[in-house]
Structure formats: C-alpha cells, structure tokens
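Content type mmCIF, C-alpha atoms, from the file target.cif:
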```cif
data_target
#
loop_
_atom_site.label_atom_id
_atom_site.label_comp_id
_atom_site.auth_asym_id
_atom_site.auth_seq_id
_atom_site.Cartn_x
_atom_site.Cartn_y
_atom_site.Cartn_z
CA MET A 156 20.86 -11.13 -39.34
CA THR A 157 17.46 -12.22 -38.01
CA GLU A 158 17.61 -14.15 -34.77
CA ALA A 159 15.28 -16.56 -33.01
CA ILE A 160 12.44 -15.04 -31.04
CA GLU A 161 10.38 -16.18 -28.05
CA ALA A 162 6.68 -16.91 -28.55
CA THR A 163 3.71 -18.14 -26.59
CA ALA A 164 2.41 -21.37 -28.10
CA TRP A 165 0.13 -24.29 -27.52
CA VAL A 166 2.46 -27.29 -27.38
CA ALA A 167 1.46 -30.92 -27.82
CA THR A 168 3.59 -32.29 -24.99
CA ALA A 169 2.64 -35.86 -25.93
CA LEU A 170 0.39 -37.59 -28.46
CA GLY A 171 -3.19 -37.88 -27.28
CA GLU A 172 -6.44 -36.02 -26.74
CA PRO A 173 -5.99 -32.24 -27.09
CA GLU A 174 -7.32 -31.30 -23.64
CA GLN A 175 -4.97 -33.81 -22.04
CA VAL A 176 -1.73 -33.06 -23.88
CA LEU A 177 -1.83 -29.40 -24.96
CA ARG A 178 -0.02 -26.90 -22.75
CA SER A 179 0.45 -23.15 -23.24
CA GLN A 180 4.22 -22.60 -23.05
CA GLN A 181 6.99 -20.28 -24.15
CA VAL A 182 8.87 -21.62 -27.17
CA GLU A 183 11.66 -20.43 -29.41
CA VAL A 184 10.71 -19.63 -32.99
CA ARG A 185 13.69 -19.81 -35.32
CA ALA A 186 14.69 -17.25 -37.91
CA PRO A 187 13.01 -17.64 -41.32
CA GLY A 188 15.00 -19.47 -43.98
CA PRO A 189 15.04 -18.99 -47.74
CA GLY A 190 11.53 -18.49 -49.09
CA GLU A 191 10.08 -18.22 -45.59
CA VAL A 192 8.61 -15.43 -43.49
CA ARG A 193 8.08 -15.05 -39.75
CA VAL A 194 4.63 -13.79 -38.90
CA ALA A 195 3.49 -12.00 -35.75
CA VAL A 196 0.26 -13.99 -35.49
CA ASP A 197 -3.00 -12.25 -34.62
CA ALA A 198 -5.45 -15.06 -35.44
CA PHE A 199 -5.62 -18.61 -36.72
CA CYS A 200 -8.24 -21.30 -37.39
CA LEU A 201 -8.61 -24.74 -35.90
CA ASN A 202 -8.63 -27.56 -38.45
CA PHE A 203 -9.89 -31.11 -38.14
CA ASN A 204 -6.49 -32.38 -39.28
CA ASP A 205 -4.94 -30.68 -36.24
CA ILE A 206 -6.83 -33.12 -34.02
CA ASP A 207 -5.48 -36.17 -35.85
CA ILE A 208 -1.95 -34.72 -35.81
CA ILE A 209 -2.16 -34.17 -32.04
CA ARG A 210 -3.49 -37.69 -31.59
CA GLY A 211 -0.64 -39.08 -33.70
CA ARG A 212 -3.05 -40.56 -36.26
CA TYR A 213 -2.16 -38.42 -39.29
CA THR A 214 0.34 -40.59 -41.16
CA THR A 215 0.81 -37.99 -43.89
CA LEU A 216 2.43 -35.71 -41.29
CA PRO A 217 3.63 -37.81 -38.35
CA LEU A 218 5.15 -35.55 -35.69
CA PRO A 219 6.97 -36.69 -32.56
CA ALA A 220 6.04 -34.74 -29.43
CA PRO A 221 6.67 -32.09 -28.35
CA PHE A 222 5.53 -29.88 -31.23
CA VAL A 223 3.32 -26.88 -31.94
CA PRO A 224 0.26 -27.77 -34.08
CA GLY A 225 -1.56 -25.36 -36.34
CA MET A 226 -1.96 -25.20 -40.12
CA GLU A 227 -2.91 -21.54 -40.72
CA SER A 228 -1.72 -18.11 -39.57
CA VAL A 229 -2.93 -14.53 -39.99
CA GLY A 230 -0.73 -11.61 -39.04
CA VAL A 231 1.93 -9.15 -40.08
CA VAL A 232 5.24 -10.38 -41.50
CA GLU A 233 7.88 -9.41 -38.97
CA SER A 234 10.97 -10.75 -40.76
CA ALA A 235 11.81 -12.75 -43.87
CA GLY A 236 14.43 -15.06 -45.27
CA PRO A 237 16.30 -14.66 -48.56
CA GLY A 238 13.95 -14.22 -51.48
CA ALA A 239 10.99 -13.22 -49.35
CA GLU A 240 12.11 -9.81 -48.07
CA HIS A 241 9.33 -8.01 -49.96
CA TRP A 242 6.77 -9.50 -47.55
CA VAL A 243 8.04 -7.64 -44.47
CA GLY A 244 5.36 -5.39 -43.01
CA ARG A 245 2.48 -6.92 -44.97
CA ARG A 246 -0.56 -8.54 -43.33
CA ILE A 247 -1.05 -12.02 -44.72
CA VAL A 248 -2.74 -15.35 -44.30
CA GLY A 249 -0.57 -18.37 -45.00
CA ILE A 250 0.34 -21.93 -44.12
CA PRO A 251 3.20 -22.55 -41.67
CA VAL A 252 6.12 -24.53 -43.03
CA MET A 253 5.25 -28.26 -43.15
CA ALA A 254 1.72 -27.36 -41.96
CA PHE A 255 2.47 -27.10 -38.24
CA GLY A 256 3.55 -24.37 -35.84
CA GLY A 257 0.53 -22.10 -36.24
CA TYR A 258 -0.80 -22.24 -32.66
CA ALA A 259 1.65 -19.57 -31.58
CA SER A 260 2.15 -15.82 -31.32
CA TYR A 261 4.89 -16.12 -33.98
CA ALA A 262 5.02 -18.66 -36.80
CA ILE A 263 7.30 -19.51 -39.72
CA VAL A 264 5.18 -19.43 -42.89
CA ASP A 265 6.05 -20.73 -46.34
CA ALA A 266 6.06 -17.60 -48.52
CA ALA A 267 4.68 -19.65 -51.44
CA THR A 268 1.41 -19.84 -49.50
CA ALA A 269 1.32 -16.20 -48.34
CA LEU A 270 -1.70 -14.18 -49.47
CA ASP A 271 -2.25 -10.47 -48.83
CA LEU A 272 -5.29 -9.38 -46.82
CA PRO A 273 -6.89 -6.02 -47.75
CA ASP A 274 -7.64 -3.52 -45.01
CA TRP A 275 -11.39 -4.17 -45.19
CA ILE A 276 -10.91 -7.79 -44.08
CA SER A 277 -10.64 -8.36 -40.33
CA ASP A 278 -8.11 -10.79 -38.87
CA VAL A 279 -10.94 -13.17 -37.96
CA ASP A 280 -12.46 -13.10 -41.45
CA GLY A 281 -9.00 -13.36 -43.01
CA ALA A 282 -8.43 -16.58 -41.10
CA ALA A 283 -11.90 -17.91 -41.85
CA LEU A 284 -11.77 -17.28 -45.60
CA HIS A 285 -8.46 -18.95 -46.30
CA TYR A 286 -8.84 -22.69 -46.39
CA PRO A 287 -12.61 -23.09 -46.89
CA PHE A 288 -12.78 -20.76 -49.87
CA HIS A 289 -9.43 -21.61 -51.46
CA LEU A 290 -10.08 -25.33 -51.06
CA GLY A 291 -13.67 -24.84 -52.23
CA TRP A 292 -12.62 -22.79 -55.25
CA PHE A 293 -10.01 -25.34 -56.28
CA ALA A 294 -12.34 -28.29 -55.70
CA LEU A 295 -15.46 -26.86 -57.34
CA THR A 296 -13.97 -24.95 -60.28
CA GLU A 297 -10.73 -26.78 -61.11
CA ARG A 298 -11.45 -30.38 -60.15
CA GLY A 299 -15.26 -30.41 -60.24
CA ARG A 300 -15.78 -28.06 -63.22
CA LEU A 301 -19.02 -26.88 -61.59
CA GLN A 302 -21.26 -24.89 -63.93
CA PRO A 303 -24.21 -22.57 -63.18
CA GLY A 304 -27.44 -24.51 -62.96
CA GLN A 305 -25.78 -27.79 -62.03
CA THR A 306 -26.57 -29.64 -58.81
CA LEU A 307 -23.93 -29.73 -56.09
CA LEU A 308 -24.10 -32.13 -53.14
CA VAL A 309 -22.08 -30.96 -50.12
CA HIS A 310 -21.47 -33.34 -47.23
CA ALA A 311 -20.75 -32.09 -43.70
CA ALA A 312 -21.99 -28.75 -44.99
CA ALA A 313 -22.22 -27.20 -41.52
CA GLY A 314 -18.51 -27.73 -40.85
CA GLY A 315 -15.49 -25.59 -41.63
CA THR A 316 -14.75 -26.68 -45.20
CA GLY A 317 -18.26 -27.84 -46.03
CA SER A 318 -19.86 -24.51 -45.14
CA GLY A 319 -17.38 -22.77 -47.43
CA ALA A 320 -18.24 -25.12 -50.30
CA LEU A 321 -21.94 -24.54 -49.72
CA VAL A 322 -21.65 -20.74 -49.77
CA LEU A 323 -19.27 -20.76 -52.72
CA GLY A 324 -21.38 -23.25 -54.66
CA LYS A 325 -24.39 -20.97 -54.39
CA ALA A 326 -22.31 -17.99 -55.56
CA LEU A 327 -21.19 -20.03 -58.58
CA GLY A 328 -24.82 -20.56 -59.55
CA ALA A 329 -25.31 -24.15 -58.43
CA ARG A 330 -28.37 -25.74 -56.88
CA VAL A 331 -26.98 -26.97 -53.55
CA ILE A 332 -28.12 -30.03 -51.64
CA ALA A 333 -26.44 -30.03 -48.22
CA THR A 334 -26.11 -32.87 -45.75
CA ALA A 335 -25.23 -32.58 -42.07
CA GLY A 336 -25.19 -34.83 -39.01
CA SER A 337 -28.01 -33.35 -36.89
CA ASP A 338 -31.31 -31.56 -37.32
CA GLU A 339 -29.77 -28.41 -35.81
CA LYS A 340 -26.98 -28.46 -38.38
CA VAL A 341 -29.50 -29.10 -41.16
CA ARG A 342 -31.27 -25.87 -40.13
CA PHE A 343 -27.91 -24.10 -40.12
CA CYS A 344 -27.27 -25.22 -43.70
CA ARG A 345 -30.61 -23.82 -44.78
CA GLU A 346 -29.68 -20.52 -43.15
CA LEU A 347 -26.47 -20.51 -45.19
CA GLY A 348 -28.51 -20.75 -48.37
CA ALA A 349 -28.75 -24.45 -49.18
CA ASP A 350 -31.65 -25.18 -51.52
CA HIS A 351 -32.23 -28.46 -49.70
CA ALA A 352 -30.70 -29.88 -46.53
CA ILE A 353 -30.75 -33.49 -45.34
CA ASN A 354 -29.63 -35.25 -42.17
CA TYR A 355 -27.20 -37.89 -43.46
CA ARG A 356 -27.86 -39.97 -40.38
CA ASP A 357 -31.28 -40.71 -41.88
CA GLU A 358 -31.20 -44.17 -43.44
CA ASP A 359 -32.89 -42.91 -46.60
CA TRP A 360 -30.69 -39.89 -47.32
CA VAL A 361 -29.57 -41.37 -50.66
CA GLU A 362 -33.18 -41.81 -51.70
CA GLN A 363 -33.88 -38.22 -50.67
CA VAL A 364 -31.04 -36.95 -52.87
CA MET A 365 -32.27 -39.00 -55.81
CA GLU A 366 -35.82 -37.75 -55.34
CA LEU A 367 -34.61 -34.13 -55.26
CA THR A 368 -32.78 -34.70 -58.56
CA TYR A 369 -35.75 -36.51 -60.15
CA GLY A 370 -33.69 -39.69 -60.33
CA ARG A 371 -30.89 -38.10 -62.33
CA GLY A 372 -28.29 -37.79 -59.57
CA VAL A 373 -25.98 -34.88 -58.79
CA ASP A 374 -23.42 -33.26 -61.07
CA VAL A 375 -20.79 -32.68 -58.37
CA ALA A 376 -20.37 -34.07 -54.84
CA PHE A 377 -18.08 -32.36 -52.32
CA ASP A 378 -17.11 -35.13 -49.89
CA ALA A 379 -14.85 -34.39 -46.95
CA VAL A 380 -16.22 -37.27 -44.87
CA GLY A 381 -15.05 -40.47 -46.57
CA GLY A 382 -15.84 -44.05 -45.62
CA GLY A 383 -19.45 -45.15 -45.70
CA VAL A 384 -20.65 -41.73 -46.79
CA THR A 385 -18.41 -41.92 -49.87
CA VAL A 386 -19.65 -45.39 -50.80
CA GLN A 387 -23.26 -44.27 -50.44
CA THR A 388 -22.60 -41.10 -52.42
CA PHE A 389 -21.57 -43.19 -55.41
CA LYS A 390 -25.27 -44.11 -55.67
CA CYS A 391 -26.12 -40.40 -55.98
CA MET A 392 -23.81 -39.54 -58.87
CA GLY A 393 -25.31 -38.50 -62.17
CA TYR A 394 -24.02 -39.36 -65.64
CA ASN A 395 -20.61 -37.65 -66.13
CA GLY A 396 -20.77 -36.47 -62.52
CA ARG A 397 -17.67 -35.55 -60.52
CA HIS A 398 -17.20 -36.94 -57.02
CA LEU A 399 -14.66 -34.80 -55.15
CA MET A 400 -12.67 -36.74 -52.54
CA VAL A 401 -11.71 -33.84 -50.28
CA GLY A 402 -11.03 -35.43 -46.90
CA PHE A 403 -11.61 -38.24 -44.41
CA ALA A 404 -13.37 -36.73 -41.41
CA GLU A 405 -15.02 -40.07 -40.62
CA ASP A 406 -11.59 -41.59 -39.87
CA ILE A 407 -8.18 -40.40 -41.06
CA ALA A 408 -7.09 -44.04 -41.40
CA LEU A 409 -9.35 -44.21 -44.46
CA GLU A 410 -6.58 -42.43 -46.39
CA ASP A 411 -4.85 -45.78 -46.61
CA GLY A 412 -7.99 -47.91 -46.58
CA ASP A 413 -9.21 -50.40 -49.18
CA TYR A 414 -12.93 -49.77 -48.80
CA LEU A 415 -13.57 -48.60 -52.38
CA SER A 416 -14.64 -50.95 -55.17
CA PRO A 417 -14.04 -50.05 -58.83
CA ARG A 418 -17.45 -51.43 -59.82
CA PRO A 419 -19.57 -48.33 -58.98
CA LEU A 420 -17.11 -46.15 -60.91
CA ALA A 421 -16.91 -48.40 -63.93
CA TYR A 422 -20.66 -48.84 -64.24
CA GLY A 423 -21.64 -45.39 -62.95
CA ASN A 424 -19.86 -43.38 -65.66
CA PHE A 425 -18.76 -40.66 -63.23
CA ASP A 426 -15.37 -39.31 -62.23
CA LEU A 427 -13.68 -39.81 -58.85
CA CYS A 428 -11.53 -36.71 -58.35
CA GLY A 429 -8.82 -36.37 -55.73
CA VAL A 430 -8.53 -32.92 -54.12
CA CYS A 431 -5.38 -31.78 -52.31
CA LEU A 432 -4.63 -28.07 -52.15
CA VAL A 433 -1.08 -26.89 -51.47
CA TYR A 434 0.22 -23.91 -53.45
CA VAL A 435 3.86 -24.34 -54.45
CA ASN A 436 6.37 -22.33 -56.47
CA ASP A 437 7.50 -25.30 -58.56
CA PRO A 438 4.81 -27.95 -59.16
CA LEU A 439 7.11 -29.96 -61.42
CA ALA A 440 9.70 -30.30 -58.66
CA ILE A 441 7.02 -31.59 -56.30
CA ARG A 442 5.89 -34.05 -58.95
CA ARG A 443 9.44 -35.33 -59.40
CA THR A 444 10.30 -35.63 -55.72
CA LEU A 445 7.01 -36.58 -54.01
CA GLY A 446 4.93 -37.83 -56.92
CA PHE A 447 2.13 -35.40 -56.07
CA ASN A 448 0.35 -32.93 -58.35
CA TRP A 449 -0.05 -29.64 -56.50
CA PRO A 450 -1.20 -26.32 -57.98
CA ALA A 451 1.15 -23.42 -58.64
CA ARG A 452 1.25 -20.29 -56.52
CA SER A 453 0.06 -18.34 -59.55
CA ALA A 454 -3.21 -20.29 -59.44
CA GLY A 455 -3.57 -19.37 -55.77
CA LEU A 456 -3.10 -15.68 -56.49
CA GLU A 457 -5.75 -15.81 -59.21
CA ALA A 458 -8.16 -17.63 -56.93
CA HIS A 459 -7.51 -15.13 -54.12
CA VAL A 460 -8.50 -12.22 -56.35
CA ARG A 461 -11.72 -13.96 -57.33
CA ILE A 462 -12.54 -14.91 -53.74
CA LEU A 463 -11.88 -11.42 -52.38
CA GLU A 464 -14.09 -9.90 -55.06
CA LEU A 465 -16.92 -12.27 -54.16
CA ILE A 466 -16.56 -11.22 -50.51
CA ARG A 467 -16.28 -7.52 -51.36
CA THR A 468 -19.48 -7.57 -53.38
CA GLY A 469 -21.36 -9.58 -50.78
CA ALA A 470 -21.76 -12.66 -52.99
CA ILE A 471 -20.17 -14.83 -50.28
CA HIS A 472 -19.37 -14.40 -46.61
CA THR A 473 -17.16 -16.19 -44.15
CA VAL A 474 -18.82 -18.66 -41.81
CA VAL A 475 -17.37 -18.06 -38.35
CA GLY A 476 -18.94 -20.41 -35.85
CA GLU A 477 -16.95 -19.20 -32.85
CA GLU A 478 -14.36 -16.54 -32.04
CA LEU A 479 -12.14 -17.98 -29.33
CA ASP A 480 -9.75 -16.52 -26.80
CA TRP A 481 -6.37 -18.16 -26.33
CA ALA A 482 -7.35 -20.21 -23.29
CA ASP A 483 -10.39 -21.69 -25.06
CA LEU A 484 -8.39 -23.64 -27.66
CA PRO A 485 -8.09 -27.17 -26.17
CA ALA A 486 -11.78 -27.37 -25.22
CA ALA A 487 -12.77 -26.09 -28.66
CA LEU A 488 -10.79 -28.90 -30.32
CA THR A 489 -12.69 -31.40 -28.17
CA ARG A 490 -16.02 -29.92 -29.31
CA MET A 491 -14.83 -30.10 -32.91
CA ALA A 492 -13.79 -33.74 -32.51
CA ASP A 493 -17.23 -34.50 -31.03
CA ARG A 494 -18.96 -32.82 -34.01
CA ARG A 495 -20.44 -30.12 -31.75
CA THR A 496 -19.25 -27.13 -33.78
CA THR A 497 -20.30 -25.32 -36.94
CA GLY A 498 -18.36 -23.17 -39.37
CA ARG A 499 -14.83 -22.02 -38.67
CA LEU A 500 -13.37 -21.75 -35.16
CA VAL A 501 -11.03 -18.75 -35.03
CA VAL A 502 -8.58 -18.14 -32.19
CA ARG A 503 -7.36 -14.60 -31.47
CA THR A 504 -3.89 -14.56 -29.95
CA GLY A 505 -4.16 -11.11 -28.36
CA ALA A 506 -0.38 -11.04 -28.42
CA HIS A 507 0.61 -7.98 -30.42
CA HIS A 508 -1.88 -5.24 -29.45
CA ARG A 509 -1.97 -3.67 -32.89
CA THR A 510 -4.68 -1.30 -33.99
CA PRO A 511 -7.12 -3.48 -35.95
CA PRO A 512 -7.41 -2.72 -39.67
CA LYS A 513 -10.04 -0.16 -40.58
CA ILE A 514 -12.99 -2.11 -41.92
CA THR A 515 -14.69 -0.15 -44.69
CA PRO A 516 -18.00 -1.57 -45.89
CA PRO A 517 -16.87 -3.38 -49.05
CA LEU A 518 -19.74 -2.23 -51.24
CA LEU A 519 -18.88 1.40 -50.51
CA ARG A 520 -15.28 1.12 -51.58
#
```
The structure given in the file should be rewritten as structure tokens.
Amino acid sequence: MTEAIEATAWVATALGEPEQVLRSQQVEVRAPGPGEVRVAVDAFCLNFNDIDIIRGRYTTLPLPAPFVPGMESVGVVESAGPGAEHWVGRRIVGIPVMAFGGYASYAIVDAATALDLPDWISDVDGAALHYPFHLGWFALTERGRLQPGQTLLVHAAAGGTGSGALVLGKALGARVIATAGSDEKVRFCRELGADHAINYRDEDWVEQVMELTYGRGVDVAFDAVGGGVTVQTFKCMGYNGRHLMVGFAEDIALEDGDYLSPRPLAYGNFDLCGVCLVYVNDPLAIRRTLGFNWPARSAGLEAHVRILELIRTGAIHTVVGEELDWADLPAALTRMADRRTTGRLVVRTGAHHRTPPKITPPLLR
C-alpha cells in the first residue's frame, strides 16, 4: 500500500502578497486515491490565478491557509491510486487535484488531466505547452470556430495564455492583431509573429483595430483581461463574430461583476462565448452536480496529439519568458502581478536529479 511521502513545497502560510506569505517548507503529500497519481515533480508553471488564490481573492477556489498553491505539474508518476496504475513510470503534465498543490517536489494529480510527454519535449517546454496551448486550442477551435483567413484579436498577447493564443492562431491560418500593455510587450508580440500589435493603453486602440479591419471588425477575440477591455472589445466585433471570455486578469472580482450590458450583444450580432477548460472523465456528472459544461478527457487527448504535432513540425513553439530556480518563485509572482513578465514562467524543482530526456530535433524524427 502506498504511503504518504515528504516533499519540499512553497506553502502559503497566510493569505496575502506572495513574497510576504510564501515559505519553502517540508510537507507531507498523501497517497494517491482512486483516479489519482502522485508525481515526482521536475517543473511547473506559475499562473495568474495562483496569485489571486494566495491573496484569498479567488472565490471559485477559496482556500484557507496554510496550503500549497500551484495548478500544473510536470514529472514522472511515482505511484498511483486504483484505476490509474497504468500511469506509473510515465512522464506527464497534469493538473493537481482541485487545482492546487503543484508548488512542490511531489504532487497529487488528477489522472483525468494527465497527458504524456514525448522524449523530445523537455520538462520546461512540457510545462510551458500545457495550459496556453490546450486552452488556446479549446478556445480558438471549439468555442471560437476560428477558420484560416479570419481575423483574430488577442488581448494581453505577451502574457502566458495570450502568447499561446497568438502563436496558435497564426498556425491555424488567422490574421492576428495582438494587444499588450507596453511598447516593449508590443514589440515582443511582433517577434512572436503578430501581423499587427497595439498598445491597449492607447486611448484609440479600438479605432486602430477597426482601421486594420477596414471597419468590418474581428472574427474572433481572445479576451483574458475582462472589465473595461471586454466592454471596449464589443465595439471591435464583426458580424457573426465570437468574443471569447477566457479570464479576468484585470480583476478576479469581475467573475461575479455586473459590468456587462446586453445591448452591445443584441445589436452587435456577435456571440459571447464562455471558455473554461477542465478535462474530466464524465462531463455529464459534472453537469448534474456543478452545473458546468466541461470537455471530456477524450477531447483533451485529441487536442494533445494535434498540439504535439504542431510543435514537432515547428509550426508552433512554446513561449518561455523565464526559467526559474526554486528560490526565485515568490519574487517572480510579484513581477507577474505587476505585469512585468512575458510568456510562461517555469520553475525547475531540481529535486529528483534524473537524467533529462534526450531531446531529438523534432523534424529529424
């Protein structure tokens, strides 16, 4: 019988600012339960939601301190609960149970979210591809129905999820208009391949988008910002366009806000599409118990194959802004909160001293 194991973890000892409340401590990681695996973690990404969870502002997942944050894990499955034994020994990326516990050298991961990583993907790239590209694939292809030749507007396109949507949108054949919050980030978006990049702090950014689309508006908007940016984006939507509500980086409290008016939707003849990506084994059970519509694991496996092939052939690439050592984590979260980061921030645990996977140039395989 699998027993609990000791791990090094970043613990939120109270609710507050990450640099003030996070402490690196030894914690006990329980044995995996049914449908769960325990992963010896080699790398993980920092997510904007982690900051709100640590601050105690994420009402979707309110956690009393102390707890271990972290919504993603990459590593080798060390043990498994009933029904997940076939995962033992495999290197995966996955979401820890209830989307916390990932900032640790061992984590309990929901096997429904586990995705194999081939040997030509490094731990860092495996962490950096997971949420941006799976969220982007789901948002752009399933919810946004993006077609080659259509115009895609990506907000916060220099950030973790936005950069993934930008890169993926280009690979899907879209004309991409990117927005970002500084001139430096605008240049970064152009380097990633954006056809046009705009500083959304410019008062006339809506007019710029409309001019770039010859007054027609965009076909799809990828919006992980929320608030005022969302309201302004309504003015940019073309006929039969799809506005993707992906997140609320402006302020997580907007999740329960009342700042949207039906008028722009009713008169604009465009769709407002919610986007929430959690792969589950039984979507109908989730619908019955929580009232949410989440995609099936089978859809995640199909998307993973498509994403890996795009990476293997060089059509897309991960956007790693920083590779961080363990001790760098709290300060990196502060930089992320202050909008001073680009791409994905990946932390290497350095805990297991395994020989890294052999990285074979994908195009030569």
**OP:** Would you be able to write out as a PyMOL selection string which residues have an atom within 12 Å of (-30.5, -38.5, -47.6) in the file's coordinates, counting all atoms listed in the file?
**Re:** chain A and resi 308-310+332-336+341+351-368+384+387-388+390-391
Would you put the residues from that selection into a file with C-alpha atoms, as a PDB file, in the coordinates of the input?
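Saved result, out-v5.pdb, follows:
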```pdb
ATOM      1  CA  LEU A 308     -24.100 -32.130 -53.140  1.00  0.00           C
ATOM      2  CA  VAL A 309     -22.080 -30.960 -50.120  1.00  0.00           C
ATOM      3  CA  HIS A 310     -21.470 -33.340 -47.230  1.00  0.00           C
ATOM      4  CA  ILE A 332     -28.120 -30.030 -51.640  1.00  0.00           C
ATOM      5  CA  ALA A 333     -26.440 -30.030 -48.220  1.00  0.00           C
ATOM      6  CA  THR A 334     -26.110 -32.870 -45.750  1.00  0.00           C
ATOM      7  CA  ALA A 335     -25.230 -32.580 -42.070  1.00  0.00           C
ATOM      8  CA  GLY A 336     -25.190 -34.830 -39.010  1.00  0.00           C
ATOM      9  CA  VAL A 341     -29.500 -29.100 -41.160  1.00  0.00           C
ATOM     10  CA  HIS A 351     -32.230 -28.460 -49.700  1.00  0.00           C
ATOM     11  CA  ALA A 352     -30.700 -29.880 -46.530  1.00  0.00           C
ATOM     12  CA  ILE A 353     -30.750 -33.490 -45.340  1.00  0.00           C
ATOM     13  CA  ASN A 354     -29.630 -35.250 -42.170  1.00  0.00           C
ATOM     14  CA  TYR A 355     -27.200 -37.890 -43.460  1.00  0.00           C
ATOM     15  CA  ARG A 356     -27.860 -39.970 -40.380  1.00  0.00           C
ATOM     16  CA  ASP A 357     -31.280 -40.710 -41.880  1.00  0.00           C
ATOM     17  CA  GLU A 358     -31.200 -44.170 -43.440  1.00  0.00           C
ATOM     18  CA  ASP A 359     -32.890 -42.910 -46.600  1.00  0.00           C
ATOM     19  CA  TRP A 360     -30.690 -39.890 -47.320  1.00  0.00           C
ATOM     20  CA  VAL A 361     -29.570 -41.370 -50.660  1.00  0.00           C
ATOM     21  CA  GLU A 362     -33.180 -41.810 -51.700  1.00  0.00           C
ATOM     22  CA  GLN A 363     -33.880 -38.220 -50.670  1.00  0.00           C
ATOM     23  CA  VAL A 364     -31.040 -36.950 -52.870  1.00  0.00           C
ATOM     24  CA  MET A 365     -32.270 -39.000 -55.810  1.00  0.00           C
ATOM     25  CA  GLU A 366     -35.820 -37.750 -55.340  1.00  0.00           C
ATOM     26  CA  LEU A 367     -34.610 -34.130 -55.260  1.00  0.00           C
ATOM     27  CA  THR A 368     -32.780 -34.700 -58.560  1.00  0.00           C
ATOM     28  CA  VAL A 384     -20.650 -41.730 -46.790  1.00  0.00           C
ATOM     29  CA  GLN A 387     -23.260 -44.270 -50.440  1.00  0.00           C
ATOM     30  CA  THR A 388     -22.600 -41.100 -52.420  1.00  0.00           C
ATOM     31  CA  LYS A 390     -25.270 -44.110 -55.670  1.00  0.00           C
ATOM     32  CA  CYS A 391     -26.120 -40.400 -55.980  1.00  0.00           C
TER      33      CYS A 391
END
```
**OP:** Apply the PyMOL selection byres ((chain A and resi 237) around 7) to the file shown and report the selected residues as a ChimeraX atom specification.
**Re:** /A:188-190,235-236,238-240
**OP:** Using the chain letters and numbers from the file, give me the residues hit by the PyMOL selection byres ((chain A and resi 199-216) around 9), as a PyMOL selection string.
**Re:** chain A and resi 167+169-173+176-177+196-198+217-220+222+224-230+248+253-255+257-259+278-279+281-283+315+404+407-408+410+484+487-489+491-492+499-504
Original post:
Which is closest to Leu456 in chain A among A:Thr296, A:Thr444, A:Asn436, A:Ser337, if we use all atoms listed in the file?
Top reply: A:Asn436
**OP:** I would like the residues chosen by the PyMOL selection byres ((chain A and resi 448) around 10) on the shown file; could you give them as a list in words?
**Re:**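 On the file shown, the PyMOL selection byres ((chain A and resi 448) around 10) covers Val430, Cys431, Leu432, Val433, Pro438, Leu439, Ala440, Ile441, Arg442, Arg443, Leu445, Gly446, Phe447, Trp449, Pro450 and Ala451 of chain A.
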Original post:
What is the CA of Glu346 in chain A-CA of Phe293 in chain A distance in Å, reported with one decimal?
Top reply: 24.1 Å
Subject >> Nearest candidate to Gly314 in chain A (options A:Trp292, A:Trp481, A:Phe343, A:Tyr434; using only C-alpha atoms) >> reply: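 Closest to Gly314 in chain A, using only C-alpha atoms: A:Phe343.
Among A:Leu399, A:Ala506, A:Val386, A:Leu323, the residue with the shortest atom-to-atom distance to Ile471 in chain A, counting all atoms listed in the file, is A:Leu323.
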